[in-house]
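> Take a look at the following structure, please.
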Amino acid sequence: HERKSVAISGINSRTLSHQWRTEEMGIVVGRGTVEKDNPQLNVRWVEGDAPIRIVIDPHLKSLHFSDSHVFDGSQPTLFFHTNQSPHLSIHQLEWIQLEAPLNWESIFQVLYRHNITSILVEGGAMTLQSLIQAQWWDEARVFVAPIYLHEGIAAPLLNASPHHSESIAQDTLFFYYRK
């Protein structure tokens, strides 16, 4: 499987995002991010505890990418889906089957039962957009880098104005709060 991921933000911004990971109980990505970016979803660049990995994959399509880091058993991982749970046992990975279609309310109910009361949603665009549309967000932190990509996946649309911004080396970090 060929994966092509491009780091857009600078090292200072990526280090800050690892710091944020230590401050939350869970970190969420969707299936597309697993397939395209193969994220580790851990803490490598700062001191602190890694959050529980949470993957949203309704039809378990990321199983076709079984070499992905989310299947490495290195840290607790919750996999939300609507299919029958696979007969695949992986250390520290829990399959969580929910009724179709998956929705944020049912996911958050399960996370609450797992005592996960704060999450950082890192992507991808479809996962973020569905969360924004459902109004299930409190704060958004958006890095803007001084580069232009001619192709790729468009960022989600956030119909809000930034509350404030700050410079992080060459990047700009915008803070949004839901009213």
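Ligands are numbered from 1 in the order shown, chains are lettered A, B, ... in the order of the structure tokens, and residues start at 1 in each chain.
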Extract the full set of alpha helix (DSSP H) residues from segment 78-145 of chain A according to DSSP on the backbone, and format it as an NGL selection string.

:A and (104-113 or 125-133)

> Print the selection's residues with all heavy atoms to a file, as a short mmCIF file (atom, residue, chain, number, x, y, z; two decimals), in the first residue's frame.


data_model
loop_
_atom_site.label_atom_id
_atom_site.label_comp_id
_atom_site.auth_asym_id
_atom_site.auth_seq_id
_atom_site.Cartn_x
_atom_site.Cartn_y
_atom_site.Cartn_z
N TRP A 104 -22.04 10.66 16.46
CA TRP A 104 -21.18 11.15 17.54
C TRP A 104 -21.79 10.92 18.92
O TRP A 104 -21.07 10.61 19.87
CB TRP A 104 -20.85 12.63 17.33
CG TRP A 104 -19.86 12.80 16.22
CD1 TRP A 104 -20.10 13.28 14.97
CD2 TRP A 104 -18.48 12.45 16.27
NE1 TRP A 104 -18.94 13.26 14.22
CE2 TRP A 104 -17.93 12.76 15.00
CE3 TRP A 104 -17.65 11.92 17.24
CZ2 TRP A 104 -16.59 12.54 14.69
CZ3 TRP A 104 -16.30 11.70 16.93
CH2 TRP A 104 -15.80 12.01 15.67
N GLU A 105 -23.10 11.04 19.03
CA GLU A 105 -23.71 10.86 20.34
C GLU A 105 -23.46 9.45 20.88
O GLU A 105 -23.08 9.28 22.04
CB GLU A 105 -25.21 11.15 20.28
CG GLU A 105 -25.85 11.11 21.66
CD GLU A 105 -27.29 11.60 21.65
OE1 GLU A 105 -27.80 12.00 20.59
OE2 GLU A 105 -27.89 11.56 22.73
N SER A 106 -23.64 8.44 20.04
CA SER A 106 -23.41 7.07 20.52
C SER A 106 -21.93 6.82 20.80
O SER A 106 -21.59 6.11 21.75
CB SER A 106 -23.96 6.05 19.52
OG SER A 106 -23.34 6.17 18.27
N ILE A 107 -21.05 7.41 20.00
CA ILE A 107 -19.61 7.27 20.25
C ILE A 107 -19.25 7.92 21.58
O ILE A 107 -18.55 7.32 22.41
CB ILE A 107 -18.80 7.90 19.09
CG1 ILE A 107 -18.97 7.05 17.83
CG2 ILE A 107 -17.33 8.05 19.47
CD1 ILE A 107 -18.44 7.71 16.56
N PHE A 108 -19.76 9.13 21.82
CA PHE A 108 -19.44 9.82 23.07
C PHE A 108 -20.01 9.09 24.29
O PHE A 108 -19.41 9.10 25.36
CB PHE A 108 -19.94 11.26 23.03
CG PHE A 108 -19.15 12.14 22.08
CD1 PHE A 108 -19.77 13.18 21.42
CD2 PHE A 108 -17.80 11.93 21.85
CE1 PHE A 108 -19.06 13.99 20.56
CE2 PHE A 108 -17.08 12.73 21.00
CZ PHE A 108 -17.71 13.77 20.34
N GLN A 109 -21.16 8.43 24.15
CA GLN A 109 -21.71 7.65 25.26
C GLN A 109 -20.77 6.51 25.64
O GLN A 109 -20.53 6.26 26.82
CB GLN A 109 -23.10 7.12 24.90
CG GLN A 109 -24.16 8.18 24.90
CD GLN A 109 -25.50 7.65 24.39
OE1 GLN A 109 -25.62 6.50 23.96
NE2 GLN A 109 -26.51 8.51 24.43
N VAL A 110 -20.21 5.84 24.63
CA VAL A 110 -19.27 4.75 24.90
C VAL A 110 -17.98 5.30 25.52
O VAL A 110 -17.45 4.73 26.48
CB VAL A 110 -18.96 3.95 23.61
CG1 VAL A 110 -17.83 2.96 23.84
CG2 VAL A 110 -20.21 3.25 23.12
N LEU A 111 -17.50 6.41 24.98
CA LEU A 111 -16.28 7.00 25.55
C LEU A 111 -16.49 7.38 27.01
O LEU A 111 -15.62 7.14 27.85
CB LEU A 111 -15.85 8.22 24.73
CG LEU A 111 -15.38 7.94 23.31
CD1 LEU A 111 -15.03 9.24 22.59
CD2 LEU A 111 -14.19 6.98 23.30
N TYR A 112 -17.65 7.93 27.33
CA TYR A 112 -17.96 8.28 28.71
C TYR A 112 -17.95 7.04 29.61
O TYR A 112 -17.41 7.07 30.71
CB TYR A 112 -19.32 8.99 28.77
CG TYR A 112 -19.72 9.40 30.16
CD1 TYR A 112 -19.14 10.51 30.77
CD2 TYR A 112 -20.67 8.66 30.87
CE1 TYR A 112 -19.50 10.88 32.06
CE2 TYR A 112 -21.04 9.02 32.16
CZ TYR A 112 -20.45 10.13 32.74
OH TYR A 112 -20.80 10.49 34.02
N ARG A 113 -18.52 5.93 29.12
CA ARG A 113 -18.51 4.68 29.89
C ARG A 113 -17.09 4.15 30.08
O ARG A 113 -16.82 3.40 31.02
CB ARG A 113 -19.40 3.63 29.23
CG ARG A 113 -20.89 3.93 29.41
CD ARG A 113 -21.76 2.74 29.08
NE ARG A 113 -21.65 2.26 27.73
CZ ARG A 113 -22.38 2.68 26.70
NH1 ARG A 113 -23.31 3.62 26.89
NH2 ARG A 113 -22.22 2.18 25.50
N ALA A 125 -10.29 15.05 7.36
CA ALA A 125 -11.22 16.10 6.97
C ALA A 125 -12.68 15.66 7.12
O ALA A 125 -13.51 16.43 7.61
CB ALA A 125 -10.95 16.54 5.53
N MET A 126 -13.01 14.45 6.71
CA MET A 126 -14.40 13.99 6.81
C MET A 126 -14.83 13.82 8.27
O MET A 126 -15.95 14.18 8.64
CB MET A 126 -14.59 12.67 6.05
CG MET A 126 -14.56 12.84 4.54
SD MET A 126 -14.73 11.28 3.64
CE MET A 126 -16.28 10.67 4.27
N THR A 127 -13.95 13.28 9.10
CA THR A 127 -14.25 13.11 10.52
C THR A 127 -14.46 14.47 11.17
O THR A 127 -15.43 14.68 11.90
CB THR A 127 -13.13 12.32 11.22
OG1 THR A 127 -13.01 11.04 10.60
CG2 THR A 127 -13.40 12.15 12.70
N LEU A 128 -13.55 15.39 10.90
CA LEU A 128 -13.67 16.73 11.46
C LEU A 128 -14.93 17.44 10.97
O LEU A 128 -15.65 18.06 11.76
CB LEU A 128 -12.44 17.57 11.12
CG LEU A 128 -11.16 17.19 11.87
CD1 LEU A 128 -9.95 17.81 11.20
CD2 LEU A 128 -11.26 17.62 13.32
N GLN A 129 -15.22 17.32 9.67
CA GLN A 129 -16.40 18.00 9.13
C GLN A 129 -17.69 17.45 9.75
O GLN A 129 -18.60 18.21 10.06
CB GLN A 129 -16.44 17.88 7.61
CG GLN A 129 -17.46 18.80 6.96
CD GLN A 129 -17.10 20.27 7.16
OE1 GLN A 129 -16.04 20.71 6.76
NE2 GLN A 129 -17.98 21.03 7.79
N SER A 130 -17.76 16.14 9.96
CA SER A 130 -18.97 15.57 10.56
C SER A 130 -19.13 16.04 12.00
O SER A 130 -20.25 16.30 12.45
CB SER A 130 -18.96 14.04 10.48
OG SER A 130 -18.02 13.49 11.36
N LEU A 131 -18.05 16.19 12.71
CA LEU A 131 -18.10 16.69 14.08
C LEU A 131 -18.53 18.15 14.11
O LEU A 131 -19.36 18.56 14.94
CB LEU A 131 -16.72 16.53 14.72
CG LEU A 131 -16.60 16.78 16.21
CD1 LEU A 131 -17.30 15.68 16.98
CD2 LEU A 131 -15.13 16.83 16.61
N ILE A 132 -18.01 18.95 13.18
CA ILE A 132 -18.39 20.36 13.09
C ILE A 132 -19.87 20.50 12.75
O ILE A 132 -20.60 21.26 13.37
CB ILE A 132 -17.50 21.07 12.04
CG1 ILE A 132 -16.06 21.16 12.54
CG2 ILE A 132 -18.05 22.46 11.72
CD1 ILE A 132 -15.05 21.52 11.46
N GLN A 133 -20.33 19.74 11.75
CA GLN A 133 -21.74 19.82 11.35
C GLN A 133 -22.69 19.40 12.46
O GLN A 133 -23.77 19.94 12.60
CB GLN A 133 -21.98 18.97 10.10
CG GLN A 133 -21.39 19.60 8.86
CD GLN A 133 -21.56 18.72 7.63
OE1 GLN A 133 -21.63 17.51 7.72
NE2 GLN A 133 -21.62 19.36 6.47
#

> Determine, using only C-alpha atoms, which residues of segment 121-158 of chain A have any atom at most 7 Å from an atom of segment 19-43 of chain A, and tabulate each with its shortest atom pair and distance in Å to one decimal place, rows ordered by chain and then rising number, as a Markdown table.


| residue | atom | partner | partner_atom | distance |
| --- | --- | --- | --- | --- |
| A:Val121 | CA | A:Val28 | CA | 4.5 |
| A:Glu122 | CA | A:Val29 | CA | 5.8 |
| A:Gly123 | CA | A:Val29 | CA | 4.8 |
| A:Gly124 | CA | A:Thr33 | CA | 5.3 |
| A:Thr127 | CA | A:Gly30 | CA | 5.7 |

> Let's see if you can do this: from backbone DSSP, list all strand (DSSP E) residues in segment 122-163 of chain A, as a PyMOL selection string.

chain A and resi 122-123+139-144

> Any chance you could export the current selection's N, CA, C and O atoms as a short mmCIF file (atom, residue, chain, number, x, y, z; two decimals), in the first residue's frame?


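Listed below is the output, selection-v4.cif:
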data_model
loop_
_atom_site.label_atom_id
_atom_site.label_comp_id
_atom_site.auth_asym_id
_atom_site.auth_seq_id
_atom_site.Cartn_x
_atom_site.Cartn_y
_atom_site.Cartn_z
N GLU A 122 -7.94 14.75 15.64
CA GLU A 122 -6.88 15.21 14.74
C GLU A 122 -7.23 15.06 13.27
O GLU A 122 -6.58 15.62 12.44
N GLY A 123 -8.20 14.27 12.96
CA GLY A 123 -8.54 14.17 11.54
C GLY A 123 -9.19 12.86 11.21
O GLY A 123 -9.48 12.07 12.10
N GLU A 139 -13.75 23.66 20.99
CA GLU A 139 -12.63 24.50 20.58
C GLU A 139 -11.95 23.89 19.37
O GLU A 139 -11.85 22.66 19.27
N ALA A 140 -11.52 24.74 18.45
CA ALA A 140 -10.74 24.28 17.31
C ALA A 140 -9.44 25.08 17.28
O ALA A 140 -9.44 26.29 17.48
N ARG A 141 -8.36 24.37 17.04
CA ARG A 141 -7.05 24.99 16.90
C ARG A 141 -6.56 24.66 15.49
O ARG A 141 -6.40 23.48 15.16
N VAL A 142 -6.32 25.67 14.69
CA VAL A 142 -6.01 25.47 13.29
C VAL A 142 -4.65 26.10 12.97
O VAL A 142 -4.47 27.30 13.13
N PHE A 143 -3.72 25.28 12.53
CA PHE A 143 -2.42 25.77 12.07
C PHE A 143 -2.53 26.13 10.59
O PHE A 143 -3.07 25.35 9.80
N VAL A 144 -1.99 27.28 10.22
CA VAL A 144 -1.88 27.66 8.82
C VAL A 144 -0.40 27.88 8.55
O VAL A 144 0.27 28.66 9.24
#

> Any idea what the distance is between atom CA of Arg178 of chain A and atom CA of Asn12 of chain A?

26.0 Å

> Can you work out which one of A:His69, A:His18, A:Lys61, A:His114 has the shortest atom-to-atom distance to Asn83 of chain A, counting only C-alpha atoms?

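For Asn83 of chain A, the nearest of the candidates is A:Lys61.
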
> Could you work out how far atom CA of Pro51 of chain A lies from atom CA of Thr15 of chain A, giving the answer in Å with one decimal?

15.3 Å

> Quick one, how far is atom CA of Ala169 of chain A from atom CA of Ser9 of chain A?

9.8 Å

> Neighbouring residues of Pro101 of chain A were defined as those with any atom within 8 Å, considering only C-alpha atoms; residues of the same chain fewer than 2 positions away were excluded. Please report them as a PyMOL selection string.

chain A and resi 58+82+99+103

> Excluding Pro86 of chain A and its own-chain neighbours fewer than 6 positions away, which residues fall within 12 Å of it when counting only C-alpha atoms? Please give them as a list of chain:residue names.

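Answer for this query is A:His59, A:Leu60, A:Lys61, A:Leu63, A:Phe79, A:Phe80, A:Leu93, A:Glu94, A:Trp95, A:Ile96, A:Gln97.
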
> Excluding same-chain residues fewer than 4 positions from Ser167 of chain A, what lies within 10 Å of it counting only C-alpha atoms, as a list in words?

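Those residues are Ser13, Phe143, Val144, Asp171, Thr172, Leu173 and Phe174 of chain A.
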
> Let me see the file: selected residues, all heavy atoms, as a PDB file, in the first residue's frame.


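Output (part.pdb):
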ATOM      1  N   SER A  13       5.170  23.670  15.553  1.00  0.00           N
ATOM      2  CA  SER A  13       3.734  23.403  15.598  1.00  0.00           C
ATOM      3  C   SER A  13       3.463  21.930  15.880  1.00  0.00           C
ATOM      4  O   SER A  13       2.574  21.596  16.678  1.00  0.00           O
ATOM      5  CB  SER A  13       3.077  23.809  14.277  1.00  0.00           C
ATOM      6  OG  SER A  13       3.234  25.190  14.050  1.00  0.00           O
ATOM      7  N   PHE A 143      -3.716  25.275  12.525  1.00  0.00           N
ATOM      8  CA  PHE A 143      -2.424  25.772  12.069  1.00  0.00           C
ATOM      9  C   PHE A 143      -2.529  26.130  10.594  1.00  0.00           C
ATOM     10  O   PHE A 143      -3.073  25.354   9.801  1.00  0.00           O
ATOM     11  CB  PHE A 143      -1.329  24.702  12.224  1.00  0.00           C
ATOM     12  CG  PHE A 143      -0.919  24.450  13.638  1.00  0.00           C
ATOM     13  CD1 PHE A 143      -1.302  23.292  14.289  1.00  0.00           C
ATOM     14  CD2 PHE A 143      -0.125  25.362  14.320  1.00  0.00           C
ATOM     15  CE1 PHE A 143      -0.916  23.041  15.593  1.00  0.00           C
ATOM     16  CE2 PHE A 143       0.266  25.132  15.627  1.00  0.00           C
ATOM     17  CZ  PHE A 143      -0.131  23.961  16.265  1.00  0.00           C
ATOM     18  N   VAL A 144      -1.989  27.275  10.222  1.00  0.00           N
ATOM     19  CA  VAL A 144      -1.882  27.665   8.823  1.00  0.00           C
ATOM     20  C   VAL A 144      -0.401  27.877   8.546  1.00  0.00           C
ATOM     21  O   VAL A 144       0.267  28.661   9.235  1.00  0.00           O
ATOM     22  CB  VAL A 144      -2.695  28.952   8.520  1.00  0.00           C
ATOM     23  CG1 VAL A 144      -2.482  29.386   7.076  1.00  0.00           C
ATOM     24  CG2 VAL A 144      -4.178  28.710   8.802  1.00  0.00           C
ATOM     25  N   ASP A 171       4.508  29.340  11.229  1.00  0.00           N
ATOM     26  CA  ASP A 171       3.083  29.040  11.134  1.00  0.00           C
ATOM     27  C   ASP A 171       2.258  30.051  11.927  1.00  0.00           C
ATOM     28  O   ASP A 171       2.771  30.742  12.811  1.00  0.00           O
ATOM     29  CB  ASP A 171       2.788  27.640  11.685  1.00  0.00           C
ATOM     30  CG  ASP A 171       3.535  26.549  10.940  1.00  0.00           C
ATOM     31  OD1 ASP A 171       3.840  26.729   9.748  1.00  0.00           O
ATOM     32  OD2 ASP A 171       3.822  25.504  11.572  1.00  0.00           O
ATOM     33  N   THR A 172       0.964  30.086  11.638  1.00  0.00           N
ATOM     34  CA  THR A 172       0.020  30.862  12.430  1.00  0.00           C
ATOM     35  C   THR A 172      -0.995  29.895  13.011  1.00  0.00           C
ATOM     36  O   THR A 172      -1.528  29.041  12.304  1.00  0.00           O
ATOM     37  CB  THR A 172      -0.703  31.930  11.577  1.00  0.00           C
ATOM     38  OG1 THR A 172       0.275  32.767  10.960  1.00  0.00           O
ATOM     39  CG2 THR A 172      -1.623  32.780  12.444  1.00  0.00           C
ATOM     40  N   LEU A 173      -1.244  30.022  14.316  1.00  0.00           N
ATOM     41  CA  LEU A 173      -2.195  29.180  15.016  1.00  0.00           C
ATOM     42  C   LEU A 173      -3.432  30.017  15.329  1.00  0.00           C
ATOM     43  O   LEU A 173      -3.343  31.041  15.994  1.00  0.00           O
ATOM     44  CB  LEU A 173      -1.578  28.639  16.308  1.00  0.00           C
ATOM     45  CG  LEU A 173      -2.491  27.886  17.264  1.00  0.00           C
ATOM     46  CD1 LEU A 173      -3.125  26.671  16.593  1.00  0.00           C
ATOM     47  CD2 LEU A 173      -1.709  27.473  18.508  1.00  0.00           C
ATOM     48  N   PHE A 174      -4.589  29.564  14.814  1.00  0.00           N
ATOM     49  CA  PHE A 174      -5.858  30.239  15.041  1.00  0.00           C
ATOM     50  C   PHE A 174      -6.680  29.438  16.052  1.00  0.00           C
ATOM     51  O   PHE A 174      -6.757  28.212  15.955  1.00  0.00           O
ATOM     52  CB  PHE A 174      -6.651  30.370  13.736  1.00  0.00           C
ATOM     53  CG  PHE A 174      -6.019  31.290  12.737  1.00  0.00           C
ATOM     54  CD1 PHE A 174      -5.150  30.794  11.769  1.00  0.00           C
ATOM     55  CD2 PHE A 174      -6.274  32.654  12.770  1.00  0.00           C
ATOM     56  CE1 PHE A 174      -4.555  31.641  10.850  1.00  0.00           C
ATOM     57  CE2 PHE A 174      -5.698  33.512  11.852  1.00  0.00           C
ATOM     58  CZ  PHE A 174      -4.828  33.005  10.887  1.00  0.00           C
TER      59      PHE A 174
END

> From the options A:Val70, A:Ala134, A:Ile168, A:Ile56, which residue's atoms come nearest to Pro146 of chain A, counting only C-alpha atoms?

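The answer is A:Ile168, which sits nearest to Pro146 of chain A.
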